[in-house]
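Asks: Pasting start.csv below, which is CSV, C-alpha atoms.
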```
chain,number,residue,atom,x,y,z
A,1,MET,CA,14.8,107.3,59.8
A,2,LYS,CA,11.4,107.0,61.4
A,3,GLY,CA,10.6,104.2,58.9
A,4,TYR,CA,13.5,102.2,60.2
A,5,ILE,CA,12.4,102.6,63.8
A,6,HIS,CA,8.9,101.4,62.9
A,7,VAL,CA,10.4,98.3,61.2
A,8,LEU,CA,12.5,97.7,64.3
A,9,GLU,CA,9.5,98.0,66.6
A,10,ALA,CA,7.5,95.7,64.5
A,11,MET,CA,10.4,93.2,64.6
A,12,ILE,CA,10.6,93.5,68.4
A,13,ALA,CA,6.8,92.9,68.6
A,14,ALA,CA,7.0,89.9,66.3
A,15,LEU,CA,9.9,88.5,68.4
A,16,LEU,CA,7.9,89.0,71.6
A,17,ILE,CA,4.9,87.1,70.2
A,18,LEU,CA,7.2,84.3,69.0
A,19,SER,CA,9.0,84.0,72.3
A,20,ALA,CA,5.7,84.0,74.2
A,21,ALA,CA,4.3,81.3,71.9
A,22,VAL,CA,7.5,79.1,72.3
A,23,VAL,CA,7.5,79.5,76.1
A,24,LEU,CA,3.7,78.7,76.5
A,25,TYR,CA,3.4,75.8,74.0
A,26,GLN,CA,6.8,74.1,74.2
A,27,GLY,CA,6.6,70.3,74.7
A,28,ARG,CA,7.1,69.5,78.3
A,29,GLN,CA,8.7,66.2,79.3
A,30,ALA,CA,6.2,64.5,81.5
A,31,ALA,CA,7.7,63.5,84.8
A,32,PRO,CA,7.1,59.8,85.5
A,33,SER,CA,4.3,59.6,87.9
A,34,PHE,CA,1.9,57.0,89.4
A,35,ASP,CA,-1.5,57.5,87.9
A,36,VAL,CA,-4.1,55.4,89.6
A,37,SER,CA,-6.6,55.3,86.6
A,38,THR,CA,-3.8,54.3,84.2
A,39,MET,CA,-2.6,51.6,86.6
A,40,LYS,CA,-6.2,50.3,87.1
A,41,GLU,CA,-6.5,50.0,83.3
A,42,THR,CA,-3.1,48.4,82.9
A,43,GLY,CA,-3.8,46.0,85.7
A,44,TYR,CA,-7.2,45.0,84.3
A,45,ASN,CA,-5.7,44.4,80.8
A,46,CYS,CA,-2.9,42.3,82.4
A,47,LEU,CA,-5.5,40.1,84.2
A,48,LYS,CA,-7.6,39.8,81.0
A,49,ASN,CA,-4.5,38.9,79.1
A,50,LEU,CA,-3.7,36.2,81.6
A,51,ASP,CA,-7.3,34.9,81.4
A,52,SER,CA,-7.1,34.7,77.6
A,53,LYS,CA,-4.0,32.5,78.0
A,54,GLY,CA,-6.2,30.2,80.1
A,55,MET,CA,-4.0,30.6,83.2
A,56,LEU,CA,-6.0,33.0,85.4
A,57,ARG,CA,-8.9,30.6,86.1
A,58,PHE,CA,-6.5,27.7,86.6
A,59,TYR,CA,-4.6,29.6,89.3
A,60,LEU,CA,-7.9,30.7,90.9
A,61,LEU,CA,-9.2,27.1,91.2
A,62,ALA,CA,-5.9,26.0,92.5
A,63,ASN,CA,-6.0,28.9,95.0
A,64,ASP,CA,-2.5,29.8,93.8
A,65,SER,CA,-2.3,33.6,93.9
A,66,GLN,CA,1.5,33.4,94.0
A,67,SER,CA,1.8,31.9,90.6
A,68,ALA,CA,-0.7,34.4,89.2
A,69,ARG,CA,1.4,37.1,90.7
A,70,ASN,CA,4.6,35.8,89.1
A,71,GLU,CA,2.9,35.6,85.7
A,72,LEU,CA,1.8,39.2,85.9
A,73,ARG,CA,5.4,40.5,86.4
A,74,SER,CA,6.1,40.7,82.7
A,75,CYS,CA,2.9,42.6,82.0
A,76,LEU,CA,3.4,45.4,84.5
A,77,PRO,CA,5.9,48.3,84.4
A,78,ASN,CA,9.1,47.9,86.5
A,79,THR,CA,8.3,51.1,88.3
A,80,VAL,CA,5.6,49.4,90.3
A,81,ASN,CA,5.1,46.8,93.0
A,82,TYR,CA,2.0,44.7,93.1
A,83,THR,CA,0.3,41.7,94.7
A,84,THR,CA,-2.8,39.6,94.0
A,85,ALA,CA,-5.6,38.2,96.0
A,86,PHE,CA,-8.6,36.0,95.3
A,87,CYS,CA,-11.8,37.3,96.8
A,88,ALA,CA,-15.0,35.2,97.0
A,89,GLY,CA,-17.9,34.3,99.2
A,90,ASP,CA,-18.5,36.4,102.3
A,91,ASP,CA,-15.0,38.0,102.0
A,92,LEU,CA,-15.6,39.8,98.8
A,93,ALA,CA,-13.6,42.8,99.9
A,94,CYS,CA,-10.6,40.6,100.7
A,95,SER,CA,-10.5,41.9,104.3
A,96,ASN,CA,-7.4,39.9,105.1
A,97,TYR,CA,-5.4,41.9,102.7
A,98,THR,CA,-3.5,44.8,104.2
A,99,LEU,CA,-2.3,47.7,102.1
A,100,HIS,CA,1.4,48.3,101.9
A,101,GLY,CA,2.2,51.3,104.1
A,102,ASN,CA,0.5,54.6,103.2
A,103,LYS,CA,1.2,54.4,99.5
A,104,THR,CA,-1.5,55.2,97.0
A,105,THR,CA,-2.6,51.8,95.7
A,106,ALA,CA,-4.5,51.1,92.5
A,107,LEU,CA,-6.9,48.2,92.6
A,108,ALA,CA,-7.7,46.4,89.3
A,109,ASP,CA,-10.2,43.6,89.7
A,110,TYR,CA,-11.5,40.9,87.4
A,111,LEU,CA,-14.7,39.0,87.7
A,112,VAL,CA,-14.7,35.2,87.1
A,113,ALA,CA,-17.7,32.8,87.3
A,114,GLY,CA,-15.6,29.7,87.3
A,115,GLU,CA,-13.9,27.3,84.9
A,116,GLY,CA,-14.9,24.1,83.1
A,117,SER,CA,-17.6,22.5,85.2
A,118,THR,CA,-16.6,24.3,88.4
A,119,PHE,CA,-18.8,27.2,89.4
A,120,GLN,CA,-16.9,29.5,91.7
A,121,PRO,CA,-17.7,33.2,91.4
A,122,SER,CA,-14.8,35.2,92.5
A,123,PHE,CA,-12.9,38.5,92.0
A,124,ILE,CA,-9.2,38.5,91.3
A,125,ASN,CA,-7.8,41.6,92.8
A,126,LEU,CA,-4.6,43.1,91.6
A,127,TYR,CA,-3.1,45.8,93.9
A,128,ILE,CA,-0.5,48.1,92.3
A,129,TRP,CA,1.6,50.8,94.0
A,130,SER,CA,4.6,52.8,93.1
A,131,ARG,CA,8.1,51.5,93.9
A,132,VAL,CA,9.4,55.0,94.4
B,1,MET,CA,3.2,106.4,68.5
B,2,LYS,CA,2.7,104.8,65.1
B,3,GLY,CA,5.5,102.3,65.8
B,4,GLN,CA,4.5,101.7,69.4
B,5,ILE,CA,1.2,100.3,68.2
B,6,PHE,CA,3.1,97.2,67.1
B,7,LEU,CA,4.3,96.6,70.7
B,8,VAL,CA,0.8,97.2,72.1
B,9,ILE,CA,-0.6,94.7,69.7
B,10,ALA,CA,2.2,92.2,70.6
B,11,VAL,CA,1.3,92.5,74.3
B,12,LEU,CA,-2.4,92.0,73.5
B,13,VAL,CA,-1.6,88.9,71.4
B,14,ILE,CA,0.6,87.5,74.2
B,15,LEU,CA,-2.3,88.0,76.6
B,16,VAL,CA,-4.6,86.1,74.3
B,17,LEU,CA,-2.1,83.3,74.0
B,18,ILE,CA,-1.8,83.1,77.8
B,19,LEU,CA,-5.6,83.0,78.2
B,20,THR,CA,-6.0,80.3,75.5
B,21,LYS,CA,-3.3,78.2,77.2
B,22,THR,CA,-5.1,78.5,80.6
B,23,GLU,CA,-8.4,77.5,79.1
B,24,THR,CA,-6.9,74.5,77.3
B,25,SER,CA,-5.2,73.3,80.6
B,26,PHE,CA,-8.5,73.7,82.4
B,27,LEU,CA,-10.4,71.6,79.8
B,28,LYS,CA,-7.7,69.0,79.9
B,29,THR,CA,-8.0,68.7,83.7
B,30,VAL,CA,-11.8,68.3,83.5
B,31,GLU,CA,-11.4,65.7,80.8
B,32,GLN,CA,-8.8,63.7,82.7
B,33,GLN,CA,-11.0,63.8,85.9
B,34,ARG,CA,-13.9,62.4,83.9
B,35,PHE,CA,-11.7,59.7,82.4
B,36,GLN,CA,-10.5,58.7,85.8
B,37,LEU,CA,-14.1,58.6,87.1
B,38,TYR,CA,-15.6,56.6,84.3
B,39,SER,CA,-12.9,54.8,82.6
B,40,MET,CA,-13.4,51.3,84.0
B,41,LEU,CA,-17.2,51.0,83.3
B,42,PRO,CA,-16.9,49.5,79.7
B,43,GLU,CA,-14.3,47.0,81.0
B,44,ASN,CA,-16.4,46.0,84.0
B,45,TYR,CA,-19.5,45.7,81.8
B,46,GLU,CA,-17.7,43.5,79.2
B,47,ASN,CA,-16.3,41.3,82.0
B,48,LEU,CA,-19.8,40.9,83.6
B,49,LYS,CA,-21.4,40.0,80.3
B,50,ASN,CA,-18.7,37.4,79.4
B,51,GLU,CA,-19.1,35.8,82.9
B,52,TYR,CA,-22.9,35.5,82.5
B,53,GLU,CA,-22.2,33.5,79.3
B,54,ARG,CA,-19.6,31.5,81.1
B,55,THR,CA,-22.1,30.7,83.9
B,56,VAL,CA,-24.5,29.2,81.4
B,57,HIS,CA,-21.7,27.1,79.9
B,58,ILE,CA,-20.5,25.9,83.3
B,59,SER,CA,-24.1,25.0,84.3
B,60,LEU,CA,-24.5,22.9,81.2
B,61,SER,CA,-21.1,21.2,81.5
B,62,LYS,CA,-21.7,20.0,85.0
B,63,ASN,CA,-25.1,18.4,84.4
B,64,LYS,CA,-28.0,19.2,82.2
B,65,SER,CA,-30.5,20.2,84.9
B,66,MET,CA,-32.5,23.3,84.8
B,67,GLU,CA,-32.1,23.5,88.6
B,68,THR,CA,-28.3,23.8,88.4
B,69,MET,CA,-28.7,26.6,85.8
B,70,VAL,CA,-31.2,28.5,88.0
B,71,SER,CA,-29.1,28.0,91.1
B,72,ASN,CA,-25.9,29.2,89.3
B,73,LEU,CA,-27.5,32.2,87.6
B,74,ASN,CA,-29.1,33.4,90.9
B,75,ASN,CA,-25.9,32.8,92.8
B,76,PHE,CA,-23.8,34.6,90.2
B,77,SER,CA,-26.4,37.5,90.1
B,78,ASN,CA,-26.4,37.8,93.9
B,79,PHE,CA,-22.6,37.7,93.9
B,80,SER,CA,-22.3,40.4,91.2
B,81,SER,CA,-25.0,42.6,92.9
B,82,THR,CA,-23.1,42.5,96.2
B,83,ALA,CA,-19.7,43.0,94.6
B,84,PHE,CA,-20.7,45.9,92.4
B,85,GLU,CA,-22.6,47.6,95.2
B,86,ARG,CA,-19.4,47.6,97.2
B,87,LYS,CA,-17.8,49.4,94.3
B,88,ASN,CA,-20.5,52.0,94.3
B,89,TYR,CA,-21.9,50.8,91.0
B,90,THR,CA,-25.6,50.2,90.3
B,91,PHE,CA,-26.1,46.7,88.9
B,92,GLN,CA,-29.3,45.2,87.6
B,93,VAL,CA,-30.1,42.1,85.6
B,94,PHE,CA,-33.3,40.6,84.4
B,95,TYR,CA,-33.0,37.2,82.7
B,96,SER,CA,-35.1,34.5,81.2
B,97,PHE,CA,-34.1,31.2,79.7
B,98,ALA,CA,-35.9,28.3,78.0
B,99,PHE,CA,-34.6,24.9,78.9
B,100,VAL,CA,-35.4,22.0,76.6
B,101,ASN,CA,-35.1,18.5,78.0
B,102,SER,CA,-36.5,15.8,75.6
B,103,SER,CA,-40.2,16.7,75.4
B,104,THR,CA,-40.3,19.2,78.3
B,105,LEU,CA,-39.9,22.9,77.9
B,106,ASN,CA,-39.1,24.9,81.1
B,107,ILE,CA,-39.0,28.7,81.1
B,108,THR,CA,-37.4,30.6,84.0
B,109,VAL,CA,-37.5,34.3,84.8
B,110,GLY,CA,-35.0,35.9,87.2
B,111,ASN,CA,-35.5,39.3,88.7
B,112,PHE,CA,-32.5,41.2,90.0
B,113,LEU,CA,-33.8,44.7,89.2
B,114,GLY,CA,-33.8,45.9,92.8
B,115,LYS,CA,-37.6,46.0,93.0
B,116,THR,CA,-40.6,43.7,92.9
B,117,ILE,CA,-42.1,43.0,89.5
B,118,LYS,CA,-45.8,42.1,89.1
B,119,ASN,CA,-48.2,40.4,86.7
B,120,ILE,CA,-45.5,38.3,85.0
B,121,THR,CA,-46.8,36.2,82.1
B,122,ILE,CA,-44.8,34.0,79.8
B,123,ASN,CA,-46.0,33.1,76.3
B,124,GLN,CA,-44.3,30.6,74.0
B,125,SER,CA,-45.0,29.7,70.4
B,126,LEU,CA,-43.9,26.0,70.6
B,127,ALA,CA,-46.9,24.2,72.1
B,128,THR,CA,-50.6,25.0,72.3
B,129,GLY,CA,-50.7,24.8,76.0
B,130,THR,CA,-50.5,28.0,78.1
B,131,LEU,CA,-48.2,28.6,81.0
B,132,VAL,CA,-49.5,29.5,84.4
B,133,PRO,CA,-48.7,33.2,85.0
B,134,LEU,CA,-45.7,33.7,87.3
B,135,GLY,CA,-47.5,36.5,89.1
B,136,THR,CA,-45.2,38.5,91.4
B,137,LEU,CA,-41.5,38.1,91.7
B,138,ALA,CA,-39.6,39.8,94.5
B,139,ASN,CA,-36.1,41.2,93.9
B,140,ARG,CA,-33.3,38.6,93.8
B,141,ASN,CA,-35.8,35.8,93.0
B,142,SER,CA,-36.7,33.6,90.1
B,143,GLY,CA,-39.6,31.5,89.0
B,144,SER,CA,-40.2,28.7,86.4
B,145,ARG,CA,-43.0,27.3,84.4
B,146,GLY,CA,-43.0,24.1,82.3
B,147,LEU,CA,-45.0,22.3,79.7
B,148,GLU,CA,-44.8,19.3,77.3
B,149,PHE,CA,-44.3,19.6,73.6
B,150,SER,CA,-44.3,17.2,70.7
B,151,SER,CA,-43.0,18.9,67.6
B,152,GLN,CA,-39.4,20.0,67.0
B,153,SER,CA,-39.2,23.6,65.8
B,154,GLN,CA,-38.0,27.1,66.3
B,155,PHE,CA,-40.1,29.1,68.8
B,156,ASN,CA,-40.4,32.4,70.5
B,157,VAL,CA,-40.6,33.2,74.2
B,158,THR,CA,-42.3,36.5,75.3
B,159,VAL,CA,-42.2,37.7,78.9
B,160,LYS,CA,-44.4,40.5,80.0
B,161,TYR,CA,-44.3,42.1,83.4
B,162,PHE,CA,-45.2,45.3,85.3
B,163,ILE,CA,-43.1,47.6,87.4
B,164,ASN,CA,-45.4,49.9,89.3
B,165,GLU,CA,-48.0,50.6,86.6
B,166,THR,CA,-45.7,50.4,83.6
B,167,ALA,CA,-45.8,47.4,81.3
B,168,TYR,CA,-42.6,45.9,79.9
B,169,ASN,CA,-42.0,43.0,77.6
B,170,PHE,CA,-39.3,41.2,75.6
B,171,THR,CA,-39.1,38.4,73.2
B,172,TYR,CA,-36.3,36.0,72.3
B,173,SER,CA,-36.1,33.1,69.8
B,174,THR,CA,-34.7,29.7,70.3
B,175,ASP,CA,-35.0,26.2,69.0
B,176,THR,CA,-35.9,22.7,70.4
B,177,ASN,CA,-32.5,21.6,69.1
B,178,LYS,CA,-30.8,23.9,71.6
B,179,THR,CA,-30.7,22.9,75.2
B,180,VAL,CA,-30.8,26.5,76.3
B,181,GLY,CA,-32.1,29.7,74.8
B,182,ALA,CA,-31.4,32.6,77.1
B,183,TYR,CA,-32.0,36.3,77.3
B,184,PHE,CA,-30.2,38.7,79.7
B,185,ASP,CA,-30.9,42.4,80.1
B,186,ILE,CA,-27.8,43.7,82.0
B,187,PHE,CA,-27.5,47.3,83.4
B,188,LEU,CA,-24.4,48.7,85.0
B,189,GLN,CA,-24.0,52.3,86.2
B,190,GLU,CA,-21.1,54.2,87.6
B,191,HIS,CA,-21.8,57.8,88.7
B,192,GLU,CA,-23.8,59.4,85.8
B,193,SER,CA,-22.6,56.9,83.1
B,194,TYR,CA,-24.3,53.6,82.5
B,195,MET,CA,-24.3,50.7,80.1
B,196,ASN,CA,-27.3,48.6,79.2
B,197,ASP,CA,-27.3,45.8,76.7
B,198,LYS,CA,-28.9,42.5,75.9
B,199,LEU,CA,-27.1,39.2,75.9
B,200,ILE,CA,-28.9,36.4,73.9
B,201,LEU,CA,-27.6,32.9,73.9
B,202,ASN,CA,-28.6,29.7,72.1
B,203,ILE,CA,-26.5,26.8,73.3
B,204,THR,CA,-26.6,23.1,72.4
B,205,SER,CA,-25.7,20.7,75.2
B,206,TYR,CA,-22.3,19.2,75.2
```
Output the file's structure as structure tokens, nothing else.

Replies:
Amino acid sequence: MKGYIHVLEAMIAALLILSAAVVLYQGRQAAPSFDVSTMKETGYNCLKNLDSKGMLRFYLLANDSQSARNELRSCLPNTVNYTTAFCAGDDLACSNYTLHGNKTTALADYLVAGEGSTFQPSFINLYIWSRV
Amino acid sequence: MKGQIFLVIAVLVILVLILTKTETSFLKTVEQQRFQLYSMLPENYENLKNEYERTVHISLSKNKSMETMVSNLNNFSNFSSTAFERKNYTFQVFYSFAFVNSSTLNITVGNFLGKTIKNITINQSLATGTLVPLGTLANRNSGSRGLEFSSQSQFNVTVKYFINETAYNFTYSTDTNKTVGAYFDIFLQEHESYMNDKLILNITSY
């Protein structure tokens, strides 16, 4: 009879360990969140991608940040809002740009020396914030 | 008591599991923080290096003057210095380029190391003539020296200089068939991480 009790206790112990392991290491569904570093990286890659298509510098020289903004829509997740600004000369920080409310904003920037025979060192700033 | 030992062991094992889990989470957090702090350095460095190359190409496409090249490189270096300082990066660049125009060779050195460099000498293996030493170059300044040559060939440019009492030098190779042979030593630092690499270009005029 004692032998059976030992077996039962051993089984309970094994079950306890198994339950604890399952509870501690179960795969948790990550809640969708706005991660600034991920957004910075995504934004930079989107700007780089637009540059490799030959469009980013074209929009910069035409001072057409709206078209650059439109082109970036397909590259960025739908969960975010964003805008672009061209910063150069004495206004490197794009001081005219105002942040949208008090939302955490990721800034991805891309350095450009110019295009063709036009030398125009600038930063293309991409500001990204969560829609939620 | 013999049987209860299993339960005691189980409790101990669970405790170990909990401790392991906590430790893993802590390490993950530290790693994520590090990633957030340093993640954009390689991208920014690559971006910077590509745009230095672009500046050389732009300078050559507009006209073939050495002055345009010097002006654009200094302008771009100043722009980048200011921009990266605002981002709390440390940015430094030291460059030299050899500009060939028919039978004239001009060699320029640009200092954006954040400090004055002294006793700068330029040696080249193309012509027998020697170049007048550049002497001292303040931060965010450049200087050029030129000489005539007659034979077409490959040649080396060696630049020697001193920062405080320490001597530095670098050599790059180019050719009289190339309009520009250029050497850039670019340094970019963000917090404790940094990247430092050389960019060497040999470009024939368009």

Asks: Counting all atoms listed in the file, which residues of chain B fall within 6 Å of chain A, and what is the closest atom pair for each with its distance in Å at one decimal, ordered by chain and rising number, as a Markdown table?

Replies:
```
| residue | atom | partner | partner_atom | distance |
| --- | --- | --- | --- | --- |
| B:Gly3 | CA | A:His6 | CA | 4.6 |
| B:Phe6 | CA | A:Ala10 | CA | 5.3 |
| B:Leu7 | CA | A:Ala13 | CA | 4.9 |
| B:Ala10 | CA | A:Ala13 | CA | 5.1 |
| B:Ile14 | CA | A:Ile17 | CA | 5.9 |
| B:Gln36 | CA | A:Ser37 | CA | 5.2 |
| B:Glu51 | CA | A:Ala113 | CA | 5.5 |
| B:Thr55 | CA | A:Ala113 | CA | 5.9 |
| B:Ile58 | CA | A:Ser117 | CA | 4.9 |
| B:Ser61 | CA | A:Ser117 | CA | 5.3 |
| B:Lys62 | CA | A:Ser117 | CA | 4.8 |
```

Asks: Output C-alpha atoms for every residue in that selection, as a PDB file, in the coordinates of the input.

Replies:
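Ended up saving to again.pdb:
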```
ATOM      1  CA  GLY B   3       5.500 102.300  65.800  1.00  0.00           C
ATOM      2  CA  PHE B   6       3.100  97.200  67.100  1.00  0.00           C
ATOM      3  CA  LEU B   7       4.300  96.600  70.700  1.00  0.00           C
ATOM      4  CA  ALA B  10       2.200  92.200  70.600  1.00  0.00           C
ATOM      5  CA  ILE B  14       0.600  87.500  74.200  1.00  0.00           C
ATOM      6  CA  GLN B  36     -10.500  58.700  85.800  1.00  0.00           C
ATOM      7  CA  GLU B  51     -19.100  35.800  82.900  1.00  0.00           C
ATOM      8  CA  THR B  55     -22.100  30.700  83.900  1.00  0.00           C
ATOM      9  CA  ILE B  58     -20.500  25.900  83.300  1.00  0.00           C
ATOM     10  CA  SER B  61     -21.100  21.200  81.500  1.00  0.00           C
ATOM     11  CA  LYS B  62     -21.700  20.000  85.000  1.00  0.00           C
TER      12      LYS B  62
END
```

Asks: Step by step: start from the point (3.0, 48.2, 89.4) in the file's coordinates, keep every protein, DNA or RNA residue that has an atom no farther than 10 Å from it, count all atoms listed in the file, and write the set as a list in words.

Replies: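 All residues meeting the 10 Å criterion around (3.0, 48.2, 89.4) are Phe34, Met39, Lys40, Thr42, Gly43, Leu72, Arg73, Cys75, Leu76, Pro77, Asn78, Thr79, Val80, Asn81, Tyr82, Thr83, Thr105, Ala106, Leu126, Tyr127, Ile128, Trp129, Ser130 and Arg131 of chain A.
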
Asks: Excluding segment 118-122 of chain B and any residue of its chain fewer than 4 positions from it, enumerate the residues within 9 Å of it, using all atoms listed in the file, and give them as a PDB file with C-alpha atoms, keeping the file's coordinate frame.

Replies:
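Below is the file that was written, result.pdb:
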```
ATOM      1  CA  ILE B 107     -39.000  28.700  81.100  1.00  0.00           C
ATOM      2  CA  VAL B 109     -37.500  34.300  84.800  1.00  0.00           C
ATOM      3  CA  THR B 130     -50.500  28.000  78.100  1.00  0.00           C
ATOM      4  CA  LEU B 131     -48.200  28.600  81.000  1.00  0.00           C
ATOM      5  CA  VAL B 132     -49.500  29.500  84.400  1.00  0.00           C
ATOM      6  CA  PRO B 133     -48.700  33.200  85.000  1.00  0.00           C
ATOM      7  CA  LEU B 134     -45.700  33.700  87.300  1.00  0.00           C
ATOM      8  CA  GLY B 135     -47.500  36.500  89.100  1.00  0.00           C
ATOM      9  CA  THR B 136     -45.200  38.500  91.400  1.00  0.00           C
ATOM     10  CA  LEU B 137     -41.500  38.100  91.700  1.00  0.00           C
ATOM     11  CA  ALA B 138     -39.600  39.800  94.500  1.00  0.00           C
ATOM     12  CA  ARG B 145     -43.000  27.300  84.400  1.00  0.00           C
ATOM     13  CA  VAL B 157     -40.600  33.200  74.200  1.00  0.00           C
ATOM     14  CA  THR B 158     -42.300  36.500  75.300  1.00  0.00           C
ATOM     15  CA  VAL B 159     -42.200  37.700  78.900  1.00  0.00           C
ATOM     16  CA  LYS B 160     -44.400  40.500  80.000  1.00  0.00           C
ATOM     17  CA  TYR B 161     -44.300  42.100  83.400  1.00  0.00           C
ATOM     18  CA  PHE B 162     -45.200  45.300  85.300  1.00  0.00           C
ATOM     19  CA  ILE B 163     -43.100  47.600  87.400  1.00  0.00           C
ATOM     20  CA  ASN B 164     -45.400  49.900  89.300  1.00  0.00           C
TER      21      ASN B 164
END
```

Asks: So the first atom is atom CA of Arg140 of chain B and the second is atom CA of Asn74 of chain B; what is the distance between them in Å, to one decimal place?

Replies: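 Value for the atom CA of Arg140 of chain B-atom CA of Asn74 of chain B distance: 7.3 Å.
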
Asks: Please, which residues are within 12 Å of (-28.8, 38.9, 72.8) by the file's coordinates, counting all atoms listed in the file, and could they come as a list of chain:residue names?

Replies: B:Lys49, B:Tyr52, B:Glu53, B:Tyr95, B:Ser96, B:Phe97, B:Phe170, B:Thr171, B:Tyr172, B:Ser173, B:Thr174, B:Gly181, B:Ala182, B:Tyr183, B:Phe184, B:Asp185, B:Ile186, B:Asn196, B:Asp197, B:Lys198, B:Leu199, B:Ile200, B:Leu201, B:Asn202

Asks: Counting all atoms listed in the file, figure out which residue out of A:Ala85, A:Ile124, A:Leu47, A:Val22 gets nearest to Gln66 of chain A.

Replies: A:Ala85

Asks: Extract, using all atoms listed in the file, all DNA, RNA and protein residues at most 12 Å from Thr128 of chain B, discarding same-chain residues fewer than 6 positions from it, and format them as a list in words.

Replies: Leu147, Glu148, Phe149, Ser150, Ser151 and Phe155 of chain B

Asks: If I take atom CA of Phe99 of chain B and atom CA of Asn139 of chain B, how far is one from the other in Å, to one decimal?

Replies: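 Computing the Euclidean distance for atom CA of Phe99 of chain B and atom CA of Asn139 of chain B yields 22.2 Å.
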
Asks: Please compute the atom CA of Thr176 of chain B-atom CA of Asn156 of chain B distance, one decimal, in Å.

Replies: 10.7 Å

Asks: Write out as JSON, numbers by chain each polymer residue whose atoms come within 12 Å of Gly114 of chain B, counting only C-alpha atoms; drop sequence neighbours fewer than 4 positions from it.

Replies: {"B": [77, 78, 81, 82, 85, 90, 91, 92, 93, 94, 110, 137, 138, 139, 140, 141, 163, 187]}

Asks: Please supply segment 190-195 of chain B, rebuilt with all heavy atoms, as a compact mmCIF listing (two decimals), in the coordinates of the input.

Replies:
```
# COMPACT_ATOMS: atom_id res chain seq x y z
N GLU B 190 -22.12 53.64 86.77
CA GLU B 190 -21.10 54.20 87.60
C GLU B 190 -21.22 55.72 87.55
O GLU B 190 -21.07 56.29 86.47
CB GLU B 190 -19.70 53.76 87.16
CG GLU B 190 -18.59 54.24 88.06
CD GLU B 190 -17.21 53.95 87.48
OE1 GLU B 190 -17.10 53.76 86.26
OE2 GLU B 190 -16.25 53.95 88.25
N HIS B 191 -21.54 56.35 88.65
CA HIS B 191 -21.80 57.80 88.70
C HIS B 191 -22.95 58.10 87.65
O HIS B 191 -23.96 57.44 87.69
CB HIS B 191 -20.57 58.60 88.41
CG HIS B 191 -19.46 58.26 89.37
ND1 HIS B 191 -19.50 58.59 90.70
CD2 HIS B 191 -18.31 57.58 89.20
CE1 HIS B 191 -18.43 58.14 91.31
NE2 HIS B 191 -17.68 57.51 90.42
N GLU B 192 -22.71 59.02 86.74
CA GLU B 192 -23.80 59.40 85.80
C GLU B 192 -23.72 58.53 84.50
O GLU B 192 -24.59 58.64 83.66
CB GLU B 192 -23.72 60.85 85.40
CG GLU B 192 -24.22 61.78 86.49
CD GLU B 192 -23.13 62.17 87.46
OE1 GLU B 192 -21.96 62.18 87.04
OE2 GLU B 192 -23.43 62.43 88.64
N SER B 193 -22.68 57.72 84.37
CA SER B 193 -22.60 56.90 83.10
C SER B 193 -23.14 55.53 83.36
O SER B 193 -23.01 54.96 84.44
CB SER B 193 -21.09 56.76 82.77
OG SER B 193 -20.59 57.96 82.32
N TYR B 194 -23.75 55.00 82.36
CA TYR B 194 -24.30 53.60 82.50
C TYR B 194 -24.17 52.89 81.15
O TYR B 194 -24.03 53.50 80.09
CB TYR B 194 -25.70 53.63 82.98
CG TYR B 194 -26.72 54.14 81.98
CD1 TYR B 194 -27.31 53.28 81.06
CD2 TYR B 194 -27.07 55.48 81.95
CE1 TYR B 194 -28.23 53.74 80.14
CE2 TYR B 194 -27.99 55.94 81.03
CZ TYR B 194 -28.58 55.07 80.14
OH TYR B 194 -29.48 55.54 79.22
N MET B 195 -24.23 51.57 81.25
CA MET B 195 -24.30 50.70 80.10
C MET B 195 -25.42 49.75 80.23
O MET B 195 -25.62 49.20 81.32
CB MET B 195 -22.95 49.99 79.86
CG MET B 195 -21.82 50.92 79.48
SD MET B 195 -20.28 50.07 79.15
CE MET B 195 -20.60 49.42 77.51
```
